[in-house]
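Accompanying notes for the structure given below.
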Amino acid sequence: MDNICPDCQSLMTNKHQKSHDFLSLISTLPNSQLYKCVACHAYLHCYDLKWEVLIEGYYGKFSDNASSAQPALVAV
Ligand SMILES: [Zn+2]
């Protein structure tokens with residue numbers, strides 16, 4: 001769970017919470033919501049107040065990938 005932000009991690013570990021401030025609601029089904037986190041870009045699924053990560057984001061990943069094939073990010 002290194003690729004989601006602390007707010008999302010707290011949803012995973014402390015169940016039965018509502019969404020946090022960085023989640024934007026994408027779609028709603030009965031008893032089920034799909035959110036995207038704007039902080040870590042993960043997709044979260046909430047079903048009956050149980051949270052799971054559908055697609056992990058890339059929170060804090062940039063420094064890990066700095067030595068890979070990608071050219072260095074140029075500050076604007
Ligand atoms: Zn997040």
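Ordering of the structure tokens sets the chain letters (A, B, ...), residue numbers begin anew at 1 in every chain, and ligands are numbered from 1 in the order given.
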Taking only C-alpha atoms and all ligand atoms into account, which residues have an atom no farther than 10 Å from ligand 1? I'd like them as a tab-separated table (two decimals) with C-alpha atoms, in the first residue's frame.
chain	number	residue	atom	x	y	z
A	3	ASN	CA	1.14	3.91	-3.64
A	4	ILE	CA	-1.77	5.55	-1.92
A	5	CYS	CA	-1.75	8.64	0.20
A	6	PRO	CA	-2.01	8.60	4.00
A	7	ASP	CA	-5.66	9.60	3.84
A	8	CYS	CA	-6.50	6.63	1.66
A	9	GLN	CA	-4.42	4.33	3.81
A	10	SER	CA	-6.35	5.39	6.85
A	11	LEU	CA	-9.56	4.45	5.06
A	20	HIS	CA	-11.79	11.94	2.96
A	21	ASP	CA	-11.40	15.38	1.46
A	22	PHE	CA	-9.37	14.36	-1.59
A	23	LEU	CA	-11.82	11.80	-2.88
A	35	TYR	CA	-14.12	7.29	-5.87
A	36	LYS	CA	-10.97	8.67	-7.31
A	37	CYS	CA	-8.46	10.26	-5.00
A	38	VAL	CA	-7.03	13.48	-6.35
A	39	ALA	CA	-4.08	13.30	-3.98
A	40	CYS	CA	-2.71	9.89	-4.97
A	41	HIS	CA	-4.75	9.11	-8.11
A	42	ALA	CA	-5.96	5.80	-6.75
A	43	TYR	CA	-9.41	4.45	-7.46
A	44	LEU	CA	-11.26	3.39	-4.36
A	53	VAL	CA	-8.31	-0.09	-3.56
A	56	GLU	CA	-3.38	1.95	-6.89
A	57	GLY	CA	-2.19	5.46	-7.47
A	58	TYR	CA	1.30	6.80	-7.67
A	59	TYR	CA	1.66	8.76	-4.51
If you measure from CA of Asn14 in chain A to CA of Cys46 in chain A, what distance in Å do you get, rounded to one decimal?
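Interatomic distance, CA of Asn14 in chain A to CA of Cys46 in chain A: 12.9 Å.
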Excluding Gln33 in chain A and residues on its chain fewer than 6 positions from it, collect all residues at most 8 Å away from it, counting only C-alpha atoms, and give them as a VMD selection string.
chain A and resid 25 to 27 45 to 47
So, with only C-alpha atoms as the atoms that count, which of A:Met12, A:Asp2, A:Thr28, A:Gln17 lies closest to Leu49 in chain A?
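Using only C-alpha atoms, the shortest distance to Leu49 in chain A belongs to A:Gln17.
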Taking the DSSP secondary structure from the backbone, can you list the residues of range 4-39 of chain A that are strand (DSSP E or B), as a PyMOL selection string?
chain A and resi 23-29+32-37
